[in-house]
Structure formats: structure tokens, C-alpha cells
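Q: Provided below: coords_31.pdb, containing PDB, C-alpha atoms.
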```pdb
ATOM      1  CA  MET T   1     -11.753  33.460 -17.256  1.00  0.00           C
ATOM      2  CA  HIS T   2     -11.300  33.215 -20.988  1.00  0.00           C
ATOM      3  CA  ASP T   3      -8.071  32.283 -22.838  1.00  0.00           C
ATOM      4  CA  LEU T   4      -6.156  31.449 -19.650  1.00  0.00           C
ATOM      5  CA  ASN T   5      -2.773  30.094 -20.640  1.00  0.00           C
ATOM      6  CA  PRO T   6      -0.312  28.314 -18.363  1.00  0.00           C
ATOM      7  CA  VAL T   7       2.673  30.275 -17.066  1.00  0.00           C
ATOM      8  CA  LEU T   8       4.659  27.142 -16.153  1.00  0.00           C
ATOM      9  CA  THR T   9       5.658  24.311 -18.468  1.00  0.00           C
ATOM     10  CA  ILE T  10       5.870  20.699 -17.339  1.00  0.00           C
ATOM     11  CA  GLU T  11       9.602  21.211 -16.848  1.00  0.00           C
ATOM     12  CA  GLY T  12       9.006  24.389 -14.844  1.00  0.00           C
ATOM     13  CA  LEU T  13       6.467  22.626 -12.638  1.00  0.00           C
ATOM     14  CA  LEU T  14       8.806  19.692 -12.045  1.00  0.00           C
ATOM     15  CA  GLN T  15      11.663  22.039 -11.145  1.00  0.00           C
ATOM     16  CA  PHE T  16       9.477  23.976  -8.694  1.00  0.00           C
ATOM     17  CA  LEU T  17       8.142  20.773  -7.129  1.00  0.00           C
ATOM     18  CA  ALA T  18      11.649  19.313  -6.774  1.00  0.00           C
ATOM     19  CA  GLU T  19      12.812  22.471  -4.984  1.00  0.00           C
ATOM     20  CA  SER T  20       9.714  23.145  -2.860  1.00  0.00           C
ATOM     21  CA  PHE T  21       8.599  19.600  -2.065  1.00  0.00           C
ATOM     22  CA  PRO T  22      11.791  17.500  -1.957  1.00  0.00           C
ATOM     23  CA  GLN T  23      10.025  14.931   0.224  1.00  0.00           C
ATOM     24  CA  ILE T  24       7.731  14.074  -2.705  1.00  0.00           C
ATOM     25  CA  ARG T  25       9.173  13.061  -6.034  1.00  0.00           C
ATOM     26  CA  PHE T  26       7.227  13.926  -9.182  1.00  0.00           C
ATOM     27  CA  GLY T  27       8.244  13.061 -12.666  1.00  0.00           C
ATOM     28  CA  ASP T  28       7.530  11.521 -15.989  1.00  0.00           C
ATOM     29  CA  ALA T  29       9.289   8.903 -18.027  1.00  0.00           C
ATOM     30  CA  ASN T  30      11.243  11.516 -20.022  1.00  0.00           C
ATOM     31  CA  SER T  31      12.134  13.979 -17.280  1.00  0.00           C
ATOM     32  CA  PRO T  32      15.827  14.441 -16.444  1.00  0.00           C
ATOM     33  CA  LEU T  33      14.905  16.594 -13.427  1.00  0.00           C
ATOM     34  CA  VAL T  34      13.658  13.942 -11.036  1.00  0.00           C
ATOM     35  CA  GLU T  35      13.325  10.198 -10.860  1.00  0.00           C
ATOM     36  CA  PRO T  36       9.950   9.067 -12.221  1.00  0.00           C
ATOM     37  CA  VAL T  37       7.744   7.945  -9.360  1.00  0.00           C
ATOM     38  CA  ASP T  38       4.035   7.941  -8.665  1.00  0.00           C
ATOM     39  CA  ILE T  39       2.180  10.814 -10.350  1.00  0.00           C
ATOM     40  CA  GLU T  40       3.368  11.796 -13.819  1.00  0.00           C
ATOM     41  CA  ILE T  41       2.461  15.032 -15.597  1.00  0.00           C
ATOM     42  CA  ILE T  42       1.367  14.107 -19.119  1.00  0.00           C
ATOM     43  CA  SER T  43       0.284  17.478 -20.512  1.00  0.00           C
ATOM     44  CA  ILE T  44      -0.575  21.062 -19.638  1.00  0.00           C
ATOM     45  CA  SER T  45      -2.717  23.383 -21.749  1.00  0.00           C
ATOM     46  CA  SER T  46      -5.148  26.263 -21.314  1.00  0.00           C
ATOM     47  CA  LYS T  47      -7.046  25.609 -18.039  1.00  0.00           C
ATOM     48  CA  ARG T  48      -6.216  21.882 -18.245  1.00  0.00           C
ATOM     49  CA  CYS T  49      -3.685  19.226 -17.412  1.00  0.00           C
ATOM     50  CA  LYS T  50      -3.527  15.463 -17.596  1.00  0.00           C
ATOM     51  CA  VAL T  51      -1.757  13.420 -14.942  1.00  0.00           C
ATOM     52  CA  ARG T  52      -1.117   9.691 -14.587  1.00  0.00           C
ATOM     53  CA  LEU T  53      -0.842   7.361 -11.621  1.00  0.00           C
ATOM     54  CA  PRO T  54       1.180   4.332 -12.795  1.00  0.00           C
ATOM     55  CA  PHE T  55      -0.090   0.967 -11.658  1.00  0.00           C
ATOM     56  CA  HIS T  56       1.580  -0.334  -8.512  1.00  0.00           C
ATOM     57  CA  SER T  57       0.420  -3.051  -6.141  1.00  0.00           C
ATOM     58  CA  ARG T  58       0.743  -0.649  -3.169  1.00  0.00           C
ATOM     59  CA  ASN T  59      -2.278   1.229  -4.576  1.00  0.00           C
ATOM     60  CA  LEU T  60      -4.526  -1.841  -4.373  1.00  0.00           C
ATOM     61  CA  ARG T  61      -7.032  -2.519  -1.645  1.00  0.00           C
ATOM     62  CA  PRO T  62      -8.504  -5.882  -0.670  1.00  0.00           C
ATOM     63  CA  GLY T  63     -10.539  -7.167  -3.578  1.00  0.00           C
ATOM     64  CA  GLY T  64      -7.917  -6.131  -6.136  1.00  0.00           C
ATOM     65  CA  THR T  65      -9.187  -2.653  -6.943  1.00  0.00           C
ATOM     66  CA  ILE T  66      -7.358   0.695  -6.872  1.00  0.00           C
ATOM     67  CA  SER T  67      -7.868   2.232  -3.416  1.00  0.00           C
ATOM     68  CA  GLY T  68      -9.868   5.349  -2.688  1.00  0.00           C
ATOM     69  CA  PRO T  69      -6.876   7.132  -1.102  1.00  0.00           C
ATOM     70  CA  ALA T  70      -4.829   6.542  -4.280  1.00  0.00           C
ATOM     71  CA  MET T  71      -7.618   8.011  -6.421  1.00  0.00           C
ATOM     72  CA  PHE T  72      -8.094  10.929  -4.012  1.00  0.00           C
ATOM     73  CA  THR T  73      -4.369  11.699  -4.151  1.00  0.00           C
ATOM     74  CA  LEU T  74      -4.359  11.649  -7.960  1.00  0.00           C
ATOM     75  CA  ALA T  75      -7.320  14.056  -8.073  1.00  0.00           C
ATOM     76  CA  ASP T  76      -5.931  16.431  -5.420  1.00  0.00           C
ATOM     77  CA  VAL T  77      -2.444  16.567  -6.895  1.00  0.00           C
ATOM     78  CA  GLY T  78      -3.782  16.906 -10.449  1.00  0.00           C
ATOM     79  CA  ILE T  79      -5.989  19.872  -9.611  1.00  0.00           C
ATOM     80  CA  TYR T  80      -3.171  21.451  -7.578  1.00  0.00           C
ATOM     81  CA  LEU T  81      -0.806  21.081 -10.541  1.00  0.00           C
ATOM     82  CA  VAL T  82      -3.171  22.637 -13.077  1.00  0.00           C
ATOM     83  CA  ILE T  83      -3.671  25.591 -10.735  1.00  0.00           C
ATOM     84  CA  LEU T  84       0.088  25.997 -10.147  1.00  0.00           C
ATOM     85  CA  ALA T  85       0.707  25.801 -13.885  1.00  0.00           C
ATOM     86  CA  HIS T  86      -1.550  28.845 -14.285  1.00  0.00           C
ATOM     87  CA  ILE T  87      -0.670  30.966 -11.228  1.00  0.00           C
ATOM     88  CA  GLY T  88       3.041  30.194 -11.123  1.00  0.00           C
ATOM     89  CA  PRO T  89       5.219  28.774  -8.346  1.00  0.00           C
ATOM     90  CA  VAL T  90       3.090  29.504  -5.278  1.00  0.00           C
ATOM     91  CA  GLY T  91       4.033  26.880  -2.718  1.00  0.00           C
ATOM     92  CA  LEU T  92       1.587  28.141  -0.109  1.00  0.00           C
ATOM     93  CA  ALA T  93      -1.498  27.539  -2.254  1.00  0.00           C
ATOM     94  CA  VAL T  94      -3.383  24.864  -0.322  1.00  0.00           C
ATOM     95  CA  THR T  95      -6.404  22.626  -0.636  1.00  0.00           C
ATOM     96  CA  THR T  96      -9.316  24.020   1.394  1.00  0.00           C
ATOM     97  CA  ASN T  97     -12.036  21.616   0.264  1.00  0.00           C
ATOM     98  CA  MET T  98     -12.172  18.406  -1.752  1.00  0.00           C
ATOM     99  CA  ASN T  99     -15.156  16.325  -2.782  1.00  0.00           C
ATOM    100  CA  ILE T 100     -14.866  13.030  -4.635  1.00  0.00           C
ATOM    101  CA  ASN T 101     -17.463  10.728  -6.138  1.00  0.00           C
ATOM    102  CA  PHE T 102     -16.377   7.134  -6.691  1.00  0.00           C
ATOM    103  CA  LEU T 103     -18.309   6.010  -9.758  1.00  0.00           C
ATOM    104  CA  ASN T 104     -16.978   2.629 -10.870  1.00  0.00           C
ATOM    105  CA  ARG T 105     -14.699  -0.038  -9.441  1.00  0.00           C
ATOM    106  CA  PRO T 106     -11.281   0.543 -11.044  1.00  0.00           C
ATOM    107  CA  GLU T 107      -9.495  -2.529 -12.345  1.00  0.00           C
ATOM    108  CA  PRO T 108      -5.795  -2.929 -11.462  1.00  0.00           C
ATOM    109  CA  GLN T 109      -4.257  -0.563 -14.025  1.00  0.00           C
ATOM    110  CA  ALA T 110      -2.732   2.881 -14.327  1.00  0.00           C
ATOM    111  CA  LEU T 111      -5.184   5.733 -13.844  1.00  0.00           C
ATOM    112  CA  LEU T 112      -5.362   8.980 -15.788  1.00  0.00           C
ATOM    113  CA  ALA T 113      -6.914  12.214 -14.552  1.00  0.00           C
ATOM    114  CA  ASP T 114      -8.141  15.003 -16.787  1.00  0.00           C
ATOM    115  CA  CYS T 115      -8.007  18.121 -14.629  1.00  0.00           C
ATOM    116  CA  GLU T 116      -9.561  21.485 -15.381  1.00  0.00           C
ATOM    117  CA  ILE T 117      -9.705  24.893 -13.743  1.00  0.00           C
ATOM    118  CA  LEU T 118     -13.355  25.893 -13.358  1.00  0.00           C
ATOM    119  CA  LYS T 119     -12.697  29.257 -11.665  1.00  0.00           C
ATOM    120  CA  LEU T 120      -9.503  31.111 -10.948  1.00  0.00           C
ATOM    121  CA  GLY T 121      -9.872  34.129  -8.701  1.00  0.00           C
ATOM    122  CA  LYS T 122      -7.371  36.192  -6.738  1.00  0.00           C
ATOM    123  CA  ARG T 123      -7.783  34.186  -3.516  1.00  0.00           C
ATOM    124  CA  LEU T 124      -9.584  30.958  -4.505  1.00  0.00           C
ATOM    125  CA  ALA T 125      -9.341  28.509  -7.361  1.00  0.00           C
ATOM    126  CA  ILE T 126     -11.808  25.737  -8.127  1.00  0.00           C
ATOM    127  CA  GLY T 127     -10.923  22.728 -10.206  1.00  0.00           C
ATOM    128  CA  GLU T 128     -12.299  19.397 -11.308  1.00  0.00           C
ATOM    129  CA  ALA T 129     -10.686  16.034 -12.032  1.00  0.00           C
ATOM    130  CA  ARG T 130     -12.145  13.106 -13.958  1.00  0.00           C
ATOM    131  CA  LEU T 131     -10.303   9.837 -13.303  1.00  0.00           C
ATOM    132  CA  TYR T 132     -10.413   6.903 -15.656  1.00  0.00           C
ATOM    133  CA  GLY T 133      -8.597   3.674 -16.342  1.00  0.00           C
ATOM    134  CA  GLU T 134      -5.715   3.976 -18.780  1.00  0.00           C
ATOM    135  CA  THR T 135      -6.355   0.553 -20.323  1.00  0.00           C
ATOM    136  CA  ASP T 136     -10.143   0.326 -20.368  1.00  0.00           C
ATOM    137  CA  GLY T 137     -11.095   4.039 -20.401  1.00  0.00           C
ATOM    138  CA  VAL T 138     -13.774   3.547 -17.724  1.00  0.00           C
ATOM    139  CA  LEU T 139     -14.599   6.670 -15.697  1.00  0.00           C
ATOM    140  CA  VAL T 140     -13.929   5.665 -12.081  1.00  0.00           C
ATOM    141  CA  ALA T 141     -14.186   8.923 -10.122  1.00  0.00           C
ATOM    142  CA  GLN T 142     -14.988  12.611 -10.376  1.00  0.00           C
ATOM    143  CA  ALA T 143     -13.639  15.158  -7.916  1.00  0.00           C
ATOM    144  CA  SER T 144     -13.872  18.875  -7.346  1.00  0.00           C
ATOM    145  CA  GLY T 145     -11.584  20.904  -5.172  1.00  0.00           C
ATOM    146  CA  THR T 146     -11.152  24.430  -3.873  1.00  0.00           C
ATOM    147  CA  TYR T 147      -7.682  25.826  -3.250  1.00  0.00           C
ATOM    148  CA  SER T 148      -6.686  28.931  -1.314  1.00  0.00           C
ATOM    149  CA  ILE T 149      -4.173  31.206  -3.024  1.00  0.00           C
ATOM    150  CA  PRO T 150      -2.164  33.388  -0.646  1.00  0.00           C
ATOM    151  CA  PRO T 151      -2.223  37.125  -1.270  1.00  0.00           C
ATOM    152  CA  LYS T 152       0.677  38.541  -3.213  1.00  0.00           C
ATOM    153  CA  PRO T 153       3.161  40.384  -0.983  1.00  0.00           C
ATOM    154  CA  MET T 154       2.711  44.125  -0.986  1.00  0.00           C
ATOM    155  CA  ASN T 155       5.634  46.239  -2.131  1.00  0.00           C
ATOM    156  CA  PRO T 156       7.215  48.007   0.862  1.00  0.00           C
ATOM    157  CA  ARG T 157       7.664  51.733   0.551  1.00  0.00           C
TER     158      ARG T 157
END
```
Please lay out the structure from this file as C-alpha cells.
A:
Amino acid sequence: MHDLNPVLTIEGLLQFLAESFPQIRFGDANSPLVEPVDIEIISISSKRCKVRLPFHSRNLRPGGTISGPAMFTLADVGIYLVILAHIGPVGLAVTTNMNINFLNRPEPQALLADCEILKLGKRLAIGEARLYGETDGVLVAQASGTYSIPPKPMNPR
């Protein structure tokens, strides 16, 4: 997998997500497509994307730290988005395995995730996400995930 370039832009991803997953709203501060909420897509490039989880008190756990489920969601969605950006609008691509290492206690702040495709095959994709605090830059978690890509439909004769 060399020079793998995305086939969907941020706008294309947001449009697909709005149509295919209307129960979940994605966005960014500048997007006219959907209301900004929860995970924002910051950038997409070759084999990479950056996503952001804005700070919200609902993501805190007792003790005033960002919860594990919030970090897991950011990692899972981020890796899913970088894969979709490179394979196109495939709604039936699904997470088959996810592993996360919680490294440092995140302070109450927005979190960023740098996501990267490690392997993109015909049926499986493997990605990694590194989560860090937006304000302090501290690495708080590292995750890797495997996603199943459905086979392309065969052309009927």
C-alpha cells in the first residue's frame, strides 16, 4: 500500500454519513451539511485523518477525567472514517476487532485522534489511532482496529 489517496473529501464523508447514519450527527464547525456535534473531522490525507472530540461534561467520569467509552468511540469512529475516506461510501464496512491501551489520565479538554491506515486489503482493513489532549498535547490512548469490508457485488450476466 504505497501512495494511497483518499477517494472521499471531508464534505463527501459528511454527506455519506448524513444519508447512511441519520441517527448519528457528524460535523465540523464549518460544515453546512450537518449540525456540528460530537466528533469533528479535521483533516483527511493519504492513509490518514484527524478527528476531534469536543469537550463536553457528558464525556467525564467520576474523578473529572474523560471516560474510556468516550475515548474508545473517538478511536473507533476515527479509524472507520479514514478507511471510508479511502474505500468510498461502503456503509456495511464494520468493526471486527478493537484494542485500546489507556496510557495517561486525560484532563477535561477536547481530544484529538490521529488515525492511520496500516493495511488496506480487499476484505480487511487495519488502522491505528493515537489520542491526545488538544490543550496539553499529552498522549492518552492508543488503539488499533480491524474492519471487515464487504465484497463488491458481482456484475450479473
Q: Hey, can you check how far CA of Ala110 (chain T) sits from CA of Thr135 (chain T)?
A: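 Atom-to-atom, CA of Ala110 (chain T) to CA of Thr135 (chain T), that is 7.4 Å.
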Q: Looking at T:Ser20, T:Thr65, T:Ser45, T:Asn99, which one is nearest to Ile117 (chain T), with distances taken over all atoms listed in the file?
A: T:Ser45
Q: Just say which residues the PyMOL selection byres ((chain T and resi 108) around 8) picks in this file, as a list in words.
A: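 Going through the file, the PyMOL selection byres ((chain T and resi 108) around 8) ends up selecting Phe55, Leu60, Gly64, Thr65, Ile66, Pro106, Glu107, Gln109 and Ala110 of chain T.
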Q: Have a look at CA of Leu131 (chain T) and CA of Leu13 (chain T) and let me know their distance in Å, one decimal.
A: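 Answer for the CA of Leu131 (chain T) to CA of Leu13 (chain T) separation: 21.1 Å.
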Q: Find the spatial neighbours of Leu139 (chain T), counting only C-alpha atoms, within a cut-off of 9 Å - ignore same-chain residues fewer than 3 positions away - and output them as a PDB file with C-alpha atoms, in the coordinates of the input.
A:
```pdb
ATOM      1  CA  LEU T 103     -18.309   6.010  -9.758  1.00  0.00           C
ATOM      2  CA  ASN T 104     -16.978   2.629 -10.870  1.00  0.00           C
ATOM      3  CA  PRO T 106     -11.281   0.543 -11.044  1.00  0.00           C
ATOM      4  CA  ARG T 130     -12.145  13.106 -13.958  1.00  0.00           C
ATOM      5  CA  LEU T 131     -10.303   9.837 -13.303  1.00  0.00           C
ATOM      6  CA  TYR T 132     -10.413   6.903 -15.656  1.00  0.00           C
ATOM      7  CA  GLY T 133      -8.597   3.674 -16.342  1.00  0.00           C
ATOM      8  CA  GLN T 142     -14.988  12.611 -10.376  1.00  0.00           C
TER       9      GLN T 142
END
```
Q: Which residues, named as in the file, does the PyMOL selection byres ((chain T and resi 143) around 7) pick out? Answer as a ChimeraX atom specification.
A: /T:75,99-101,128-130,141-142,144-145
Q: Suppose you want the space between CA of Thr96 (chain T) and CA of Arg123 (chain T); what is it in Å?
A: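 If I compute the distance from CA of Thr96 (chain T) to CA of Arg123 (chain T), I get 11.4 Å.
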Q: Spell out the residues picked by the PyMOL selection byres ((chain T and resi 74) around 9) here, as a PyMOL selection string.
A: chain T and resi 39+51-53+69-73+75-79+111-113+129+131
Q: Could you check the closest approach to Ser57 (chain T) for each of T:Ile44, T:Asp38, T:Glu19, T:Tyr80 and tell me which residue wins, using all atoms listed in the file?
A: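 Going through T:Ile44, T:Asp38, T:Glu19, T:Tyr80 one by one, the smallest distance to Ser57 (chain T) is for T:Asp38.
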Q: Do a neighbour search on region 4-12 of chain T at 9 Å with all atoms listed in the file, toss out local chain neighbours closer than 2 positions, and write the hits as a list in words.
A: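 After dropping sequence-adjacent residues, the list is Met1, His2, Leu14, Gln15, Phe16, Leu17, Ser31, Leu33, Ile41, Ile42, Ser43, Ile44, Ser45, Ser46, Lys47, Arg48, Val82, Ile83, Leu84, Ala85, His86, Ile87, Gly88 and Pro89 of chain T.
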Q: Take the selection from the previous step and output its residues with C-alpha atoms, as a short mmCIF file (atom, residue, chain, number, x, y, z; two decimals), in the coordinates of the input.
A:
```
data_model
loop_
_atom_site.label_atom_id
_atom_site.label_comp_id
_atom_site.auth_asym_id
_atom_site.auth_seq_id
_atom_site.Cartn_x
_atom_site.Cartn_y
_atom_site.Cartn_z
CA MET T 1 -11.75 33.46 -17.26
CA HIS T 2 -11.30 33.22 -20.99
CA LEU T 14 8.81 19.69 -12.04
CA GLN T 15 11.66 22.04 -11.14
CA PHE T 16 9.48 23.98 -8.69
CA LEU T 17 8.14 20.77 -7.13
CA SER T 31 12.13 13.98 -17.28
CA LEU T 33 14.90 16.59 -13.43
CA ILE T 41 2.46 15.03 -15.60
CA ILE T 42 1.37 14.11 -19.12
CA SER T 43 0.28 17.48 -20.51
CA ILE T 44 -0.57 21.06 -19.64
CA SER T 45 -2.72 23.38 -21.75
CA SER T 46 -5.15 26.26 -21.31
CA LYS T 47 -7.05 25.61 -18.04
CA ARG T 48 -6.22 21.88 -18.24
CA VAL T 82 -3.17 22.64 -13.08
CA ILE T 83 -3.67 25.59 -10.74
CA LEU T 84 0.09 26.00 -10.15
CA ALA T 85 0.71 25.80 -13.88
CA HIS T 86 -1.55 28.84 -14.28
CA ILE T 87 -0.67 30.97 -11.23
CA GLY T 88 3.04 30.19 -11.12
CA PRO T 89 5.22 28.77 -8.35
#
```
Q: Hey, which of T:Val140, T:Tyr147, T:Pro22, T:Glu40 ends up closest to Pro54 (chain T)? Count all atoms listed in the file.
A: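 The answer is T:Glu40, which sits nearest to Pro54 (chain T).
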